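These notes are about the structure you will find just below.
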Amino acid sequence: MHFTTETSSNGVIERSFTLGDVTGVLWSPASLPGRAPLVLMGHGGGLHKRAQGLVARAHHLVTTCGYIVAAIDAPGHGDRPRSAADNQSVSALLEARAAGGPIGRIVADYNASLAERAVPEWQAALDALQELPEIGPDGPVGYTGMTLASAIGLPLMAVEPRITAAVVGGVLVYDSLLEAAARITIPIQFLLPWDDEEIDRASGLALFDTFASTEKTLHANPGGHHQVPWFEAEDSVAFFARHFDARTRAVALGR
């Protein structure tokens, strides 16, 4: 992991980094007396690691809780070039959407391809982040993000035991995501835009039901695909704080 730039404002230090071909950013408190929990934050489809809403949520977690937040660009997003196959998928999606045709199969195949590449990238990023003295190898790790971030996050959580709590949702549901959800046992806060024109609520409810977690909460709000109210970001703070505190106590007790 190589840090390339560093800026500071309003109590938040922002550092850009690269890890091989992966581009990312790390936000941390300007004053950090010891180690802090880490939240991995994914971005939506067609967006990037510095999307406006993502940065706002990252700053909120840093300034409110003292957490450290990391985001990376998904393959073909942000500062990372698209492959020829990515370009074909994006073109097919835009054409189908413009024509009012079905997009489910296109999105499912594209998201699955992105997740296949992004999961090992997130794991490598987590390896490198846990080598930083302000994070360390034993602290709690969370994951959060909607739409594409959830399409990547669910397969990641299914294979990555270091992630201990997650806030996800607003994702097109397909078979491999259901298979991943059935292997996820960590606490989940699931956000469901109730009036999403592209993702029917029945499939979202089915995905929520499939999570193997013994602690899972469904938050359904009126609105479409990108209309998640800000108070959900505030609720996620309480969610992570509750589970991070429990995880920290468990580590201290050697459990």
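Chain identifiers are assigned as A, B, and so on, following the order in which chains appear in the structure tokens; residues are numbered from 1 within each chain, and ligands are numbered from 1 in order of appearance.
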So which residues touch Phe190 in chain A within 7 Å, counting only C-alpha atoms, skipping near sequence neighbours fewer than 2 positions away, as number ranges by chain? A: 167-169, 188, 192, 208, 217-219
Take the selection from the previous step and output its residues with C-alpha atoms, as an mmCIF file, in the first residue's frame.
```
data_model
loop_
_atom_site.group_PDB
_atom_site.id
_atom_site.type_symbol
_atom_site.label_atom_id
_atom_site.label_comp_id
_atom_site.auth_asym_id
_atom_site.auth_seq_id
_atom_site.Cartn_x
_atom_site.Cartn_y
_atom_site.Cartn_z
ATOM 1 C CA VAL A 167 -25.130 -2.193 6.590
ATOM 2 C CA VAL A 168 -26.202 -3.034 3.034
ATOM 3 C CA GLY A 169 -29.228 -2.915 0.721
ATOM 4 C CA ILE A 188 -26.911 -7.114 9.314
ATOM 5 C CA LEU A 192 -34.844 -1.480 1.356
ATOM 6 C CA PHE A 208 -33.341 -10.303 3.800
ATOM 7 C CA THR A 217 -32.877 -5.690 10.945
ATOM 8 C CA LEU A 218 -34.916 -4.508 7.967
ATOM 9 C CA HIS A 219 -35.255 -0.749 7.363
#
```
Just list as number ranges by chain whatever in range 127-169 of chain A DSSP marks as alpha helix (DSSP H). A: 127-129, 148-159
Sorted by chain and rising residue number, list the residues of range 55-174 of chain A at most 12 Å from range 12-27 of chain A (counting only C-alpha atoms), each with its closest atom pair and distance in Å to one decimal, as a tab-separated table.
```
residue	atom	partner	partner_atom	distance
A:Val55	CA	A:Trp27	CA	9.0
A:Ala56	CA	A:Trp27	CA	11.1
A:Arg57	CA	A:Trp27	CA	10.8
A:Ala58	CA	A:Trp27	CA	7.1
A:His59	CA	A:Val12	CA	7.0
A:His60	CA	A:Val12	CA	9.8
A:Leu61	CA	A:Trp27	CA	9.4
A:Val62	CA	A:Val12	CA	6.9
A:Thr63	CA	A:Val12	CA	7.1
A:Thr64	CA	A:Val12	CA	10.9
A:Cys65	CA	A:Val12	CA	11.9
A:Gly66	CA	A:Val12	CA	9.5
A:Tyr67	CA	A:Trp27	CA	8.6
A:Ile68	CA	A:Trp27	CA	5.7
A:Val69	CA	A:Trp27	CA	5.2
A:Ala70	CA	A:Leu26	CA	4.5
A:Ala71	CA	A:Val25	CA	5.5
A:Ile72	CA	A:Gly24	CA	4.0
A:Asp73	CA	A:Thr23	CA	5.8
A:Ala74	CA	A:Val22	CA	8.2
A:Pro75	CA	A:Val22	CA	8.0
A:Gly76	CA	A:Val22	CA	10.2
A:His77	CA	A:Thr23	CA	9.7
A:Gly78	CA	A:Thr23	CA	8.2
A:Asp79	CA	A:Thr23	CA	6.7
A:Arg80	CA	A:Thr23	CA	7.3
A:Pro81	CA	A:Asp21	CA	9.9
A:Arg117	CA	A:Val22	CA	10.9
A:Ala118	CA	A:Val22	CA	9.4
A:Val119	CA	A:Val22	CA	12.0
A:Pro120	CA	A:Val22	CA	11.0
A:Glu121	CA	A:Val22	CA	7.3
A:Trp122	CA	A:Val22	CA	9.3
A:Gln123	CA	A:Leu19	CA	11.3
A:Ala124	CA	A:Leu19	CA	8.2
A:Ala125	CA	A:Leu19	CA	7.1
A:Leu126	CA	A:Leu19	CA	10.7
A:Asp127	CA	A:Leu19	CA	10.8
A:Ala128	CA	A:Leu19	CA	8.5
A:Leu129	CA	A:Leu26	CA	9.2
A:Leu132	CA	A:Leu26	CA	11.4
A:Glu134	CA	A:Trp27	CA	11.8
A:Ile135	CA	A:Leu26	CA	11.5
```
Write the residues of the preceding selection, restricted to C-alpha atoms, as a PDB file, in the first residue's frame.
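Saved result, selection-v4.pdb, follows:
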```
ATOM      1  CA  VAL A  55     -17.614  11.042   1.499  1.00  0.00           C
ATOM      2  CA  ALA A  56     -20.367  12.566   3.655  1.00  0.00           C
ATOM      3  CA  ARG A  57     -21.018   9.218   5.365  1.00  0.00           C
ATOM      4  CA  ALA A  58     -17.304   8.582   5.816  1.00  0.00           C
ATOM      5  CA  HIS A  59     -16.757  11.969   7.459  1.00  0.00           C
ATOM      6  CA  HIS A  60     -19.766  11.355   9.700  1.00  0.00           C
ATOM      7  CA  LEU A  61     -18.311   8.053  10.961  1.00  0.00           C
ATOM      8  CA  VAL A  62     -14.899   9.641  11.507  1.00  0.00           C
ATOM      9  CA  THR A  63     -16.075  12.775  13.330  1.00  0.00           C
ATOM     10  CA  THR A  64     -18.937  11.182  15.274  1.00  0.00           C
ATOM     11  CA  CYS A  65     -17.327   7.900  16.329  1.00  0.00           C
ATOM     12  CA  GLY A  66     -13.595   8.274  15.766  1.00  0.00           C
ATOM     13  CA  TYR A  67     -13.623   5.377  13.291  1.00  0.00           C
ATOM     14  CA  ILE A  68     -11.323   4.949  10.303  1.00  0.00           C
ATOM     15  CA  VAL A  69     -13.038   4.532   6.926  1.00  0.00           C
ATOM     16  CA  ALA A  70     -11.574   3.073   3.735  1.00  0.00           C
ATOM     17  CA  ALA A  71     -12.994   3.031   0.215  1.00  0.00           C
ATOM     18  CA  ILE A  72     -11.616   1.623  -3.027  1.00  0.00           C
ATOM     19  CA  ASP A  73     -12.696   2.033  -6.625  1.00  0.00           C
ATOM     20  CA  ALA A  74     -14.454  -1.029  -8.008  1.00  0.00           C
ATOM     21  CA  PRO A  75     -12.965  -2.457 -11.215  1.00  0.00           C
ATOM     22  CA  GLY A  76     -13.668  -0.111 -14.128  1.00  0.00           C
ATOM     23  CA  HIS A  77     -14.788   2.704 -11.820  1.00  0.00           C
ATOM     24  CA  GLY A  78     -13.214   5.933 -10.620  1.00  0.00           C
ATOM     25  CA  ASP A  79      -9.530   6.040 -11.465  1.00  0.00           C
ATOM     26  CA  ARG A  80      -9.518   2.496 -12.852  1.00  0.00           C
ATOM     27  CA  PRO A  81      -9.971   1.865 -16.598  1.00  0.00           C
ATOM     28  CA  ARG A 117     -12.676  -9.252  -9.238  1.00  0.00           C
ATOM     29  CA  ALA A 118     -13.387  -6.887  -6.328  1.00  0.00           C
ATOM     30  CA  VAL A 119     -13.637  -9.415  -3.481  1.00  0.00           C
ATOM     31  CA  PRO A 120      -9.927 -10.386  -3.546  1.00  0.00           C
ATOM     32  CA  GLU A 121      -9.045  -6.717  -3.955  1.00  0.00           C
ATOM     33  CA  TRP A 122     -10.959  -5.819  -0.800  1.00  0.00           C
ATOM     34  CA  GLN A 123      -9.280  -8.684   1.045  1.00  0.00           C
ATOM     35  CA  ALA A 124      -5.841  -7.485  -0.046  1.00  0.00           C
ATOM     36  CA  ALA A 125      -6.744  -3.944   0.988  1.00  0.00           C
ATOM     37  CA  LEU A 126      -7.882  -5.207   4.388  1.00  0.00           C
ATOM     38  CA  ASP A 127      -4.605  -7.100   4.807  1.00  0.00           C
ATOM     39  CA  ALA A 128      -2.661  -3.897   4.142  1.00  0.00           C
ATOM     40  CA  LEU A 129      -4.916  -1.694   6.282  1.00  0.00           C
ATOM     41  CA  LEU A 132      -1.220   0.152   9.887  1.00  0.00           C
ATOM     42  CA  GLU A 134      -3.710   2.909  13.972  1.00  0.00           C
ATOM     43  CA  ILE A 135      -5.834  -0.070  12.897  1.00  0.00           C
TER      44      ILE A 135
END
```
Neighbours of range 229-231 of chain A within 10 Å (only C-alpha atoms; same-chain residues fewer than 5 positions away dropped), as an mmCIF file with N, CA and C atoms, in the first residue's frame?
```cif
data_model
loop_
_atom_site.group_PDB
_atom_site.id
_atom_site.type_symbol
_atom_site.label_atom_id
_atom_site.label_comp_id
_atom_site.auth_asym_id
_atom_site.auth_seq_id
_atom_site.Cartn_x
_atom_site.Cartn_y
_atom_site.Cartn_z
ATOM 1 N N GLY A 53 -22.047 11.386 -1.608
ATOM 2 C CA GLY A 53 -22.726 10.763 -0.482
ATOM 3 C C GLY A 53 -21.806 9.869 0.325
ATOM 4 N N ALA A 56 -19.603 12.021 2.532
ATOM 5 C CA ALA A 56 -20.367 12.566 3.655
ATOM 6 C C ALA A 56 -20.538 11.522 4.754
ATOM 7 N N ARG A 57 -20.848 10.282 4.359
ATOM 8 C CA ARG A 57 -21.018 9.218 5.365
ATOM 9 C C ARG A 57 -19.692 8.877 6.028
ATOM 10 N N PRO A 193 -35.209 0.356 -0.257
ATOM 11 C CA PRO A 193 -36.019 1.419 -0.853
ATOM 12 C C PRO A 193 -37.357 0.821 -1.330
ATOM 13 N N ASN A 221 -37.858 2.213 3.588
ATOM 14 C CA ASN A 221 -38.211 3.632 3.508
ATOM 15 C C ASN A 221 -38.864 3.931 2.166
ATOM 16 N N PRO A 222 -39.860 4.841 2.140
ATOM 17 C CA PRO A 222 -40.422 5.251 0.860
ATOM 18 C C PRO A 222 -39.347 5.860 -0.026
ATOM 19 N N GLY A 223 -39.516 5.661 -1.329
ATOM 20 C CA GLY A 223 -38.555 6.257 -2.248
ATOM 21 C C GLY A 223 -37.956 5.241 -3.187
ATOM 22 N N SER A 236 -26.907 3.931 11.241
ATOM 23 C CA SER A 236 -25.794 2.998 11.044
ATOM 24 C C SER A 236 -24.671 3.258 12.038
ATOM 25 N N VAL A 237 -24.523 4.510 12.469
ATOM 26 C CA VAL A 237 -23.529 4.834 13.489
ATOM 27 C C VAL A 237 -23.831 4.063 14.775
#
```
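The space between CA of Gly34 in chain A and CA of Asn10 in chain A spans 19.6 Å.
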Write out as a ChimeraX atom specification which residues come within 7 Å of Ile163 in chain A when counting only C-alpha atoms, dropping same-chain ones fewer than 6 positions away. /A:141-143,157
In Å, rounded to a single decimal, give me how far CA of Ala151 in chain A is from CA of Asp109 in chain A. 10.9 Å
Counting only C-alpha atoms, figure out which residue out of A:Glu116, A:Glu95, A:Gly145, A:Arg105 gets nearest to Ala51 in chain A.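 Of A:Glu116, A:Glu95, A:Gly145, A:Arg105, the one nearest Ala51 in chain A is A:Gly145, counting only C-alpha atoms.
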